[in-house]
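Student: This is the content of coords_8.pdb (PDB, C-alpha atoms, pLDDT in the B column):
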```pdb
ATOM      1  CA  MET A   1    -110.219-162.134  41.166  1.00 69.00           C
ATOM      2  CA  ILE A   2    -111.140-165.745  41.996  1.00 72.00           C
ATOM      3  CA  ARG A   3    -107.971-166.167  44.040  1.00 81.00           C
ATOM      4  CA  LYS A   4    -108.663-162.957  45.959  1.00 87.00           C
ATOM      5  CA  TYR A   5    -112.154-164.063  46.910  1.00 93.00           C
ATOM      6  CA  SER A   6    -111.417-167.801  47.220  1.00 95.00           C
ATOM      7  CA  VAL A   7    -112.203-167.880  50.954  1.00 96.00           C
ATOM      8  CA  LEU A   8    -115.531-166.102  50.482  1.00 97.00           C
ATOM      9  CA  ILE A   9    -116.458-168.283  47.502  1.00 97.00           C
ATOM     10  CA  GLY A  10    -115.453-171.446  49.345  1.00 96.00           C
ATOM     11  CA  ILE A  11    -117.524-170.583  52.408  1.00 97.00           C
ATOM     12  CA  ILE A  12    -120.575-169.616  50.336  1.00 97.00           C
ATOM     13  CA  LEU A  13    -120.427-172.836  48.307  1.00 97.00           C
ATOM     14  CA  SER A  14    -119.912-174.920  51.463  1.00 96.00           C
ATOM     15  CA  LEU A  15    -122.908-173.269  53.117  1.00 96.00           C
ATOM     16  CA  ILE A  16    -125.068-173.882  50.054  1.00 97.00           C
ATOM     17  CA  LEU A  17    -124.135-177.582  50.067  1.00 97.00           C
ATOM     18  CA  ILE A  18    -124.790-177.912  53.789  1.00 96.00           C
ATOM     19  CA  LEU A  19    -128.121-176.069  53.510  1.00 97.00           C
ATOM     20  CA  ILE A  20    -129.173-178.441  50.722  1.00 97.00           C
ATOM     21  CA  ALA A  21    -128.209-181.356  52.978  1.00 97.00           C
ATOM     22  CA  ILE A  22    -130.334-179.889  55.762  1.00 97.00           C
ATOM     23  CA  ALA A  23    -133.261-179.325  53.397  1.00 97.00           C
ATOM     24  CA  VAL A  24    -133.346-182.963  52.235  1.00 97.00           C
ATOM     25  CA  TYR A  25    -132.641-184.568  55.629  1.00 97.00           C
ATOM     26  CA  PRO A  26    -135.490-187.085  56.139  1.00 96.00           C
ATOM     27  CA  GLY A  27    -135.922-186.581  59.863  1.00 95.00           C
ATOM     28  CA  GLY A  28    -135.330-187.818  63.362  1.00 95.00           C
ATOM     29  CA  ASN A  29    -133.374-186.341  66.245  1.00 95.00           C
ATOM     30  CA  MET A  30    -132.102-187.457  69.644  1.00 91.00           C
ATOM     31  CA  PHE A  31    -135.367-186.447  71.323  1.00 93.00           C
ATOM     32  CA  ASN A  32    -137.844-187.711  68.724  1.00 94.00           C
ATOM     33  CA  GLU A  33    -136.884-190.347  66.181  1.00 92.00           C
ATOM     34  CA  TYR A  34    -140.173-189.799  64.338  1.00 93.00           C
ATOM     35  CA  ALA A  35    -139.654-186.078  63.774  1.00 94.00           C
ATOM     36  CA  VAL A  36    -139.843-184.927  60.155  1.00 93.00           C
ATOM     37  CA  GLY A  37    -136.959-182.974  58.647  1.00 95.00           C
ATOM     38  CA  TYR A  38    -133.980-181.292  60.260  1.00 97.00           C
ATOM     39  CA  ASP A  39    -134.574-179.398  63.505  1.00 96.00           C
ATOM     40  CA  TRP A  40    -131.971-176.655  63.983  1.00 95.00           C
ATOM     41  CA  THR A  41    -132.425-176.793  67.758  1.00 95.00           C
ATOM     42  CA  LYS A  42    -132.327-180.584  68.164  1.00 95.00           C
ATOM     43  CA  ASN A  43    -130.191-182.016  65.352  1.00 96.00           C
ATOM     44  CA  PHE A  44    -126.401-181.966  65.188  1.00 94.00           C
ATOM     45  CA  MET A  45    -124.510-181.419  61.946  1.00 91.00           C
ATOM     46  CA  SER A  46    -123.176-184.969  62.277  1.00 88.00           C
ATOM     47  CA  ASN A  47    -126.724-186.294  61.762  1.00 93.00           C
ATOM     48  CA  LEU A  48    -126.388-185.318  58.104  1.00 93.00           C
ATOM     49  CA  PHE A  49    -123.600-187.831  57.464  1.00 90.00           C
ATOM     50  CA  GLY A  50    -125.206-191.118  58.463  1.00 88.00           C
ATOM     51  CA  ILE A  51    -126.151-193.755  55.911  1.00 90.00           C
ATOM     52  CA  ARG A  52    -129.605-193.595  57.433  1.00 94.00           C
ATOM     53  CA  ALA A  53    -131.317-190.694  59.150  1.00 95.00           C
ATOM     54  CA  LEU A  54    -132.267-191.058  62.799  1.00 95.00           C
ATOM     55  CA  ASN A  55    -135.826-191.955  61.757  1.00 94.00           C
ATOM     56  CA  GLY A  56    -134.460-194.959  59.850  1.00 93.00           C
ATOM     57  CA  ALA A  57    -135.014-193.597  56.339  1.00 95.00           C
ATOM     58  CA  PRO A  58    -132.217-193.571  53.730  1.00 95.00           C
ATOM     59  CA  ASN A  59    -130.269-190.356  54.341  1.00 95.00           C
ATOM     60  CA  LEU A  60    -130.568-188.242  51.191  1.00 92.00           C
ATOM     61  CA  SER A  61    -128.532-185.450  52.777  1.00 95.00           C
ATOM     62  CA  ARG A  62    -125.357-187.517  53.030  1.00 93.00           C
ATOM     63  CA  ILE A  63    -123.816-186.743  49.622  1.00 94.00           C
ATOM     64  CA  TRP A  64    -124.449-182.999  49.984  1.00 95.00           C
ATOM     65  CA  ALA A  65    -123.041-182.940  53.499  1.00 93.00           C
ATOM     66  CA  TYR A  66    -119.933-184.814  52.371  1.00 91.00           C
ATOM     67  CA  ALA A  67    -119.352-182.324  49.562  1.00 93.00           C
ATOM     68  CA  GLY A  68    -119.704-179.389  51.936  1.00 92.00           C
ATOM     69  CA  MET A  69    -117.386-180.971  54.487  1.00 87.00           C
ATOM     70  CA  ILE A  70    -114.706-181.543  51.855  1.00 88.00           C
ATOM     71  CA  LEU A  71    -114.831-177.962  50.616  1.00 93.00           C
ATOM     72  CA  LEU A  72    -115.039-176.238  54.010  1.00 92.00           C
ATOM     73  CA  PRO A  73    -111.668-177.365  55.485  1.00 91.00           C
ATOM     74  CA  LEU A  74    -110.023-176.613  52.130  1.00 94.00           C
ATOM     75  CA  THR A  75    -111.361-173.072  52.452  1.00 95.00           C
ATOM     76  CA  TYR A  76    -110.164-172.803  56.051  1.00 95.00           C
ATOM     77  CA  ALA A  77    -106.711-173.957  54.954  1.00 95.00           C
ATOM     78  CA  VAL A  78    -106.539-171.139  52.404  1.00 96.00           C
ATOM     79  CA  PHE A  79    -107.488-168.681  55.140  1.00 97.00           C
ATOM     80  CA  PHE A  80    -104.848-169.941  57.577  1.00 97.00           C
ATOM     81  CA  ILE A  81    -102.179-169.867  54.873  1.00 96.00           C
ATOM     82  CA  ASN A  82    -103.134-166.280  54.039  1.00 96.00           C
ATOM     83  CA  MET A  83    -103.013-165.325  57.734  1.00 97.00           C
ATOM     84  CA  SER A  84     -99.608-166.979  58.081  1.00 96.00           C
ATOM     85  CA  LYS A  85     -98.294-164.542  55.472  1.00 95.00           C
ATOM     86  CA  LYS A  86     -99.505-161.605  57.594  1.00 95.00           C
ATOM     87  CA  THR A  87     -98.052-162.963  60.845  1.00 93.00           C
ATOM     88  CA  PRO A  88     -94.636-161.493  61.761  1.00 91.00           C
ATOM     89  CA  ASP A  89     -93.432-164.517  63.758  1.00 93.00           C
ATOM     90  CA  ARG A  90     -92.022-167.393  61.694  1.00 92.00           C
ATOM     91  CA  ASN A  91     -92.934-170.104  64.197  1.00 94.00           C
ATOM     92  CA  ALA A  92     -96.515-168.895  64.547  1.00 95.00           C
ATOM     93  CA  ALA A  93     -96.799-168.569  60.778  1.00 95.00           C
ATOM     94  CA  ALA A  94     -95.641-172.175  60.342  1.00 96.00           C
ATOM     95  CA  ILE A  95     -98.236-173.436  62.824  1.00 96.00           C
ATOM     96  CA  LEU A  96    -100.999-171.560  60.996  1.00 96.00           C
ATOM     97  CA  LYS A  97     -99.880-172.821  57.604  1.00 95.00           C
ATOM     98  CA  TYR A  98     -99.327-176.478  58.428  1.00 96.00           C
ATOM     99  CA  GLY A  99    -102.091-176.608  61.012  1.00 94.00           C
ATOM    100  CA  GLY A 100    -104.546-175.403  58.383  1.00 92.00           C
ATOM    101  CA  LEU A 101    -103.349-178.041  55.922  1.00 93.00           C
ATOM    102  CA  ALA A 102    -103.474-180.840  58.515  1.00 93.00           C
ATOM    103  CA  ASN A 103    -106.977-179.805  59.492  1.00 89.00           C
ATOM    104  CA  ILE A 104    -108.227-180.730  56.007  1.00 88.00           C
ATOM    105  CA  PHE A 105    -107.428-184.354  56.764  1.00 88.00           C
ATOM    106  CA  PHE A 106    -108.764-184.365  60.322  1.00 88.00           C
ATOM    107  CA  THR A 107    -112.008-182.543  59.482  1.00 83.00           C
ATOM    108  CA  PHE A 108    -112.803-184.855  56.581  1.00 79.00           C
ATOM    109  CA  LEU A 109    -112.376-187.895  58.843  1.00 81.00           C
ATOM    110  CA  THR A 110    -115.085-186.535  61.168  1.00 77.00           C
ATOM    111  CA  VAL A 111    -117.649-187.962  58.740  1.00 72.00           C
ATOM    112  CA  THR A 112    -116.265-191.500  59.177  1.00 73.00           C
ATOM    113  CA  ALA A 113    -116.478-194.043  61.998  1.00 74.00           C
ATOM    114  CA  LEU A 114    -113.629-192.102  63.624  1.00 78.00           C
ATOM    115  CA  HIS A 115    -115.965-189.141  64.136  1.00 74.00           C
ATOM    116  CA  ASN A 116    -115.470-188.615  67.882  1.00 77.00           C
ATOM    117  CA  VAL A 117    -111.665-188.792  67.849  1.00 87.00           C
ATOM    118  CA  MET A 118    -111.265-186.758  64.668  1.00 86.00           C
ATOM    119  CA  LEU A 119    -113.739-184.138  65.902  1.00 83.00           C
ATOM    120  CA  ILE A 120    -111.605-183.575  68.994  1.00 87.00           C
ATOM    121  CA  ILE A 121    -108.382-183.391  66.963  1.00 91.00           C
ATOM    122  CA  SER A 122    -109.752-181.139  64.220  1.00 90.00           C
ATOM    123  CA  THR A 123    -111.395-178.856  66.774  1.00 89.00           C
ATOM    124  CA  PHE A 124    -108.136-178.603  68.730  1.00 93.00           C
ATOM    125  CA  VAL A 125    -106.106-177.782  65.592  1.00 93.00           C
ATOM    126  CA  PHE A 126    -108.618-175.231  64.297  1.00 94.00           C
ATOM    127  CA  TRP A 127    -108.978-173.353  67.578  1.00 95.00           C
ATOM    128  CA  THR A 128    -105.261-173.482  68.318  1.00 95.00           C
ATOM    129  CA  CYS A 129    -104.788-171.546  65.092  1.00 96.00           C
ATOM    130  CA  ILE A 130    -107.535-169.093  66.095  1.00 96.00           C
ATOM    131  CA  VAL A 131    -105.879-168.580  69.496  1.00 96.00           C
ATOM    132  CA  ILE A 132    -102.539-167.825  67.802  1.00 96.00           C
ATOM    133  CA  ILE A 133    -104.226-165.301  65.527  1.00 97.00           C
ATOM    134  CA  THR A 134    -105.978-163.767  68.550  1.00 97.00           C
ATOM    135  CA  VAL A 135    -102.648-163.311  70.351  1.00 96.00           C
ATOM    136  CA  PHE A 136    -101.321-161.243  67.459  1.00 96.00           C
ATOM    137  CA  ILE A 137    -104.599-159.378  66.946  1.00 97.00           C
ATOM    138  CA  LEU A 138    -104.422-158.266  70.596  1.00 96.00           C
ATOM    139  CA  LYS A 139    -101.038-156.669  69.846  1.00 94.00           C
ATOM    140  CA  THR A 140    -102.431-154.587  66.979  1.00 94.00           C
ATOM    141  CA  LYS A 141    -104.654-151.516  66.821  1.00 94.00           C
ATOM    142  CA  LEU A 142    -107.507-153.574  65.375  1.00 96.00           C
ATOM    143  CA  HIS A 143    -109.758-153.022  68.381  1.00 95.00           C
ATOM    144  CA  LEU A 144    -112.946-154.326  66.778  1.00 96.00           C
ATOM    145  CA  PHE A 145    -111.249-157.589  65.873  1.00 97.00           C
ATOM    146  CA  LYS A 146    -109.905-157.896  69.405  1.00 97.00           C
ATOM    147  CA  PHE A 147    -113.525-157.937  70.566  1.00 96.00           C
ATOM    148  CA  PHE A 148    -114.613-160.400  67.858  1.00 96.00           C
ATOM    149  CA  CYS A 149    -111.738-162.787  68.579  1.00 97.00           C
ATOM    150  CA  ILE A 150    -112.440-162.838  72.310  1.00 97.00           C
ATOM    151  CA  ILE A 151    -116.181-163.345  71.758  1.00 96.00           C
ATOM    152  CA  SER A 152    -115.479-166.214  69.351  1.00 96.00           C
ATOM    153  CA  LEU A 153    -113.216-167.919  71.868  1.00 96.00           C
ATOM    154  CA  LEU A 154    -115.761-167.470  74.672  1.00 96.00           C
ATOM    155  CA  VAL A 155    -118.514-168.982  72.518  1.00 96.00           C
ATOM    156  CA  PHE A 156    -116.249-171.899  71.653  1.00 95.00           C
ATOM    157  CA  PHE A 157    -115.218-172.605  75.248  1.00 94.00           C
ATOM    158  CA  TYR A 158    -118.840-172.361  76.367  1.00 96.00           C
ATOM    159  CA  SER A 159    -119.731-174.976  73.741  1.00 94.00           C
ATOM    160  CA  VAL A 160    -116.940-177.204  75.055  1.00 91.00           C
ATOM    161  CA  TYR A 161    -118.347-176.733  78.556  1.00 95.00           C
ATOM    162  CA  LEU A 162    -121.816-177.783  77.393  1.00 95.00           C
ATOM    163  CA  TRP A 163    -120.307-180.852  75.762  1.00 90.00           C
ATOM    164  CA  GLY A 164    -118.421-181.643  78.966  1.00 90.00           C
ATOM    165  CA  ILE A 165    -121.576-181.534  81.097  1.00 93.00           C
ATOM    166  CA  SER A 166    -123.608-183.331  78.394  1.00 91.00           C
ATOM    167  CA  ASP A 167    -126.145-180.551  77.951  1.00 92.00           C
ATOM    168  CA  TRP A 168    -127.646-182.045  74.800  1.00 92.00           C
ATOM    169  CA  ARG A 169    -130.576-179.621  74.724  1.00 92.00           C
ATOM    170  CA  LEU A 170    -128.503-176.473  74.336  1.00 95.00           C
ATOM    171  CA  LEU A 171    -125.459-177.925  72.573  1.00 95.00           C
ATOM    172  CA  PRO A 172    -127.082-178.327  69.095  1.00 95.00           C
ATOM    173  CA  ILE A 173    -127.970-174.625  69.137  1.00 96.00           C
ATOM    174  CA  MET A 174    -124.528-173.558  70.315  1.00 96.00           C
ATOM    175  CA  GLN A 175    -122.958-175.700  67.598  1.00 94.00           C
ATOM    176  CA  LYS A 176    -124.617-173.496  64.971  1.00 96.00           C
ATOM    177  CA  VAL A 177    -123.848-170.292  66.877  1.00 96.00           C
ATOM    178  CA  ASN A 178    -120.209-171.307  67.172  1.00 95.00           C
ATOM    179  CA  PHE A 179    -120.010-172.131  63.465  1.00 94.00           C
ATOM    180  CA  ALA A 180    -121.634-168.848  62.416  1.00 95.00           C
ATOM    181  CA  ASN A 181    -119.476-166.842  64.800  1.00 95.00           C
ATOM    182  CA  SER A 182    -116.183-168.389  63.690  1.00 95.00           C
ATOM    183  CA  THR A 183    -117.138-168.127  60.011  1.00 96.00           C
ATOM    184  CA  LEU A 184    -117.860-164.403  60.305  1.00 96.00           C
ATOM    185  CA  LEU A 185    -114.570-163.933  62.165  1.00 97.00           C
ATOM    186  CA  ILE A 186    -112.658-165.732  59.418  1.00 97.00           C
ATOM    187  CA  LEU A 187    -114.264-163.604  56.708  1.00 97.00           C
ATOM    188  CA  GLY A 188    -113.519-160.440  58.651  1.00 97.00           C
ATOM    189  CA  LEU A 189    -109.878-161.349  59.251  1.00 97.00           C
ATOM    190  CA  GLU A 190    -109.408-162.432  55.653  1.00 97.00           C
ATOM    191  CA  TYR A 191    -110.766-159.299  54.004  1.00 97.00           C
ATOM    192  CA  PHE A 192    -110.352-156.538  56.570  1.00 97.00           C
ATOM    193  CA  THR A 193    -106.822-157.114  57.864  1.00 96.00           C
ATOM    194  CA  LYS A 194    -103.524-156.744  56.044  1.00 94.00           C
ATOM    195  CA  LYS A 195     -99.876-157.544  56.638  1.00 93.00           C
ATOM    196  CA  GLU A 196     -99.154-153.927  57.583  1.00 94.00           C
ATOM    197  CA  ASP A 197    -101.477-154.243  60.592  1.00 94.00           C
ATOM    198  CA  PHE A 198     -98.999-156.676  62.148  1.00 93.00           C
ATOM    199  CA  ALA A 199     -95.737-155.280  60.758  1.00 86.00           C
ATOM    200  CA  TYR A 200     -94.704-153.269  63.824  1.00 83.00           C
ATOM    201  CA  ILE A 201     -95.175-156.171  66.283  1.00 83.00           C
ATOM    202  CA  LYS A 202     -91.874-157.168  67.837  1.00 70.00           C
ATOM    203  CA  THR A 203     -91.121-160.884  68.145  1.00 61.00           C
ATOM    204  CA  LYS A 204     -88.000-162.785  69.149  1.00 50.00           C
ATOM    205  CA  ALA A 205     -87.563-163.891  65.563  1.00 49.00           C
ATOM    206  CA  ASN A 206     -87.650-160.488  63.903  1.00 50.00           C
ATOM    207  CA  ILE A 207     -85.602-158.868  66.704  1.00 43.00           C
ATOM    208  CA  SER A 208     -82.805-161.403  66.175  1.00 43.00           C
ATOM    209  CA  ASP A 209     -82.847-160.666  62.446  1.00 46.00           C
ATOM    210  CA  GLN A 210     -82.151-156.973  63.014  1.00 43.00           C
TER     211      GLN A 210
END
```
Would you mind writing the file's structure down as structure tokens?
Tutor:
Amino acid sequence: MIRKYSVLIGIILSLILILIAIAVYPGGNMFNEYAVGYDWTKNFMSNLFGIRALNGAPNLSRIWAYAGMILLPLTYAVFFINMSKKTPDRNAAAILKYGGLANIFFTFLTVTALHNVMLIISTFVFWTCIVIITVFILKTKLHLFKFFCIISLLVFFYSVYLWGISDWRLLPIMQKVNFANSTLLILGLEYFTKKEDFAYIKTKANISDQ
């Protein structure tokens, strides 16, 4: 039972830890260093990981945020491994499996001094895996998931665009929207798709095996 619902349990526990971190964040954001508490529209998730909050106070949220950030990529890795078992193409399955495992390392390092570099790498790995899944979803009869996958990718690329043009007013909001959107997609794919949905898809690998 626990193994079956490991992705759901992992996401719920990660969210609880992150919400606790948000609740105890002392305050300060890029627009007002004297602001009290965490502002969902002005603070980034990365603000939770500093030794001190942006208002200069000791950051009580740090330990909770660290715990959530350790558990979350572990949960994502389980999801990608499970999806690799549903994917009919061996090469794509390998990318999902090992990409998910590598992302544990890269995502955890986003809370260190290497934040900017590791954020780019972990984001690239994560969304490369989502793109691969989307390619196979588009070949199935799972029409609702086709829509969800495309919407998730559009939200992600819009967030990247905002980052590229340095729109710091809208980007904190889109960061949360992107996280919520991708999390719901992962839960949907984990619990409402099965190997049989992809079984009839023809790939070079399974054609050569016949």
Student: Which residue gives the smallest distance to Leu48 of chain A among A:Met118, A:Val24, A:Leu8, A:Leu15, with all atoms listed in the file counted?
Tutor: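 Among A:Met118, A:Val24, A:Leu8, A:Leu15, it is A:Val24 that comes nearest to Leu48 of chain A.
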Student: Give the centre and edge lengths of an axis-aligned box, in Å to one decimal, that holds all listed atoms of segment 28-38 of chain A with 3 Å on each side, as lines of an AutoDock Vina configuration file.
Tutor:
```
center_x = -136.1
center_y = -185.8
center_z = 65.0
size_x = 14.1
size_y = 15.1
size_z = 18.7
```
Student: Evaluate the PyMOL selection byres ((chain A and resi 74-79) around 9) here and jot the selected residues down as an mmCIF file with C-alpha atoms, keeping the file's coordinate frame.
Tutor:
```
data_model
loop_
_atom_site.group_PDB
_atom_site.id
_atom_site.type_symbol
_atom_site.label_atom_id
_atom_site.label_comp_id
_atom_site.auth_asym_id
_atom_site.auth_seq_id
_atom_site.Cartn_x
_atom_site.Cartn_y
_atom_site.Cartn_z
ATOM 1 C CA SER A 6 -111.417 -167.801 47.220
ATOM 2 C CA VAL A 7 -112.203 -167.880 50.954
ATOM 3 C CA LEU A 8 -115.531 -166.102 50.482
ATOM 4 C CA ILE A 9 -116.458 -168.283 47.502
ATOM 5 C CA GLY A 10 -115.453 -171.446 49.345
ATOM 6 C CA ILE A 11 -117.524 -170.583 52.408
ATOM 7 C CA SER A 14 -119.912 -174.920 51.463
ATOM 8 C CA MET A 69 -117.386 -180.971 54.487
ATOM 9 C CA ILE A 70 -114.706 -181.543 51.855
ATOM 10 C CA LEU A 71 -114.831 -177.962 50.616
ATOM 11 C CA LEU A 72 -115.039 -176.238 54.010
ATOM 12 C CA PRO A 73 -111.668 -177.365 55.485
ATOM 13 C CA PHE A 80 -104.848 -169.941 57.577
ATOM 14 C CA ILE A 81 -102.179 -169.867 54.873
ATOM 15 C CA ASN A 82 -103.134 -166.280 54.039
ATOM 16 C CA MET A 83 -103.013 -165.325 57.734
ATOM 17 C CA SER A 84 -99.608 -166.979 58.081
ATOM 18 C CA LEU A 96 -100.999 -171.560 60.996
ATOM 19 C CA LYS A 97 -99.880 -172.821 57.604
ATOM 20 C CA TYR A 98 -99.327 -176.478 58.428
ATOM 21 C CA GLY A 99 -102.091 -176.608 61.012
ATOM 22 C CA GLY A 100 -104.546 -175.403 58.383
ATOM 23 C CA LEU A 101 -103.349 -178.041 55.922
ATOM 24 C CA ALA A 102 -103.474 -180.840 58.515
ATOM 25 C CA ASN A 103 -106.977 -179.805 59.492
ATOM 26 C CA ILE A 104 -108.227 -180.730 56.007
ATOM 27 C CA PHE A 126 -108.618 -175.231 64.297
ATOM 28 C CA ILE A 186 -112.658 -165.732 59.418
ATOM 29 C CA LEU A 187 -114.264 -163.604 56.708
ATOM 30 C CA LEU A 189 -109.878 -161.349 59.251
ATOM 31 C CA GLU A 190 -109.408 -162.432 55.653
#
```
Student: Compare A:Phe136, A:Tyr5, A:Trp168, A:Tyr158 by their minimum atom-to-atom distance to Asn29 of chain A, counting all atoms listed in the file, and give me the closest one.
Tutor: A:Trp168
Student: Could you check which of A:Ile51, A:Val36, A:Leu185, A:Lys202 is closest to Thr112 of chain A, using only C-alpha atoms?
Tutor: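 Looking at the shortest contact to Thr112 of chain A, the residue is A:Ile51.
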Student: Please expand the PyMOL selection byres ((chain A and resi 62) around 8) into the concrete residues it hits in this file, giving the result as a list of chain:residue names.
Tutor: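 When the PyMOL selection byres ((chain A and resi 62) around 8) is applied, the selected residues are A:Ala21, A:Leu48, A:Phe49, A:Gly50, A:Ile51, A:Asn59, A:Leu60, A:Ser61, A:Ile63, A:Trp64, A:Ala65, A:Tyr66.
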Student: What is the distance, in Å and to one decimal place, between atom CA of Asn43 of chain A and atom CA of Trp127 of chain A?
Tutor: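 So the two atoms, atom CA of Asn43 of chain A and atom CA of Trp127 of chain A, lie 23.0 Å apart.
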Student: Go through A:Tyr38, A:Phe44, A:Tyr25, A:Phe156 and flag the residue nearest Arg169 of chain A, using only C-alpha atoms for the distances.
Tutor: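 Closest to Arg169 of chain A, using only C-alpha atoms: A:Phe44.
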Student: Skipping near chain neighbours, those fewer than 4 positions away, what residues fall within 9 Å of Ile133 of chain A using all atoms listed in the file, listed as a compact mmCIF listing (two decimals) with C-alpha atoms, keeping the file's coordinate frame?
Tutor:
```
# COMPACT_ATOMS: atom_id res chain seq x y z
CA MET A 83 -103.01 -165.32 57.73
CA SER A 84 -99.61 -166.98 58.08
CA THR A 87 -98.05 -162.96 60.84
CA ALA A 92 -96.52 -168.90 64.55
CA LEU A 96 -101.00 -171.56 61.00
CA THR A 128 -105.26 -173.48 68.32
CA CYS A 129 -104.79 -171.55 65.09
CA ILE A 137 -104.60 -159.38 66.95
CA LEU A 138 -104.42 -158.27 70.60
CA CYS A 149 -111.74 -162.79 68.58
```
Student: Name all residues at most 7 Å from Ile173 of chain A (count all atoms listed in the file; drop same-chain ones fewer than 4 positions away) and give them as a list in words.
Tutor: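 Using all atoms listed in the file, the neighbours found are Trp40, Thr41 and Val177 of chain A.
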Student: Let me make sure I understand: among A:Leu162, A:Lys176, A:Ile121, A:Gly188, which one has the smallest atom-to-atom distance to Phe148 of chain A if we use all atoms listed in the file?
Tutor: A:Gly188
Student: Nearest to Phe198 of chain A: which of A:Val135, A:Met45, A:Ile151, A:Leu171 is it, counting all atoms listed in the file?
Tutor: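 Once distances to Phe198 of chain A are computed over all atoms listed in the file, the minimum belongs to A:Val135.
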Student: Interatomic distance between atom CA of Lys194 of chain A and atom CA of Phe124 of chain A?
Tutor: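 Interatomic distance, atom CA of Lys194 of chain A to atom CA of Phe124 of chain A: 25.7 Å.
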Student: Tell me which protein, DNA and RNA residues are within 9 Å of Lys86 of chain A, counting only C-alpha atoms, leaving out same-chain ones fewer than 5 positions away, and put them as an NGL selection string.
Tutor: :A and (93 or 193-199)
Student: Between atom CA of Tyr34 of chain A and atom CA of Asn55 of chain A, what distance in Å does the model show, to one decimal?
Tutor: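 One can read the atom CA of Tyr34 of chain A to atom CA of Asn55 of chain A distance as 5.5 Å.
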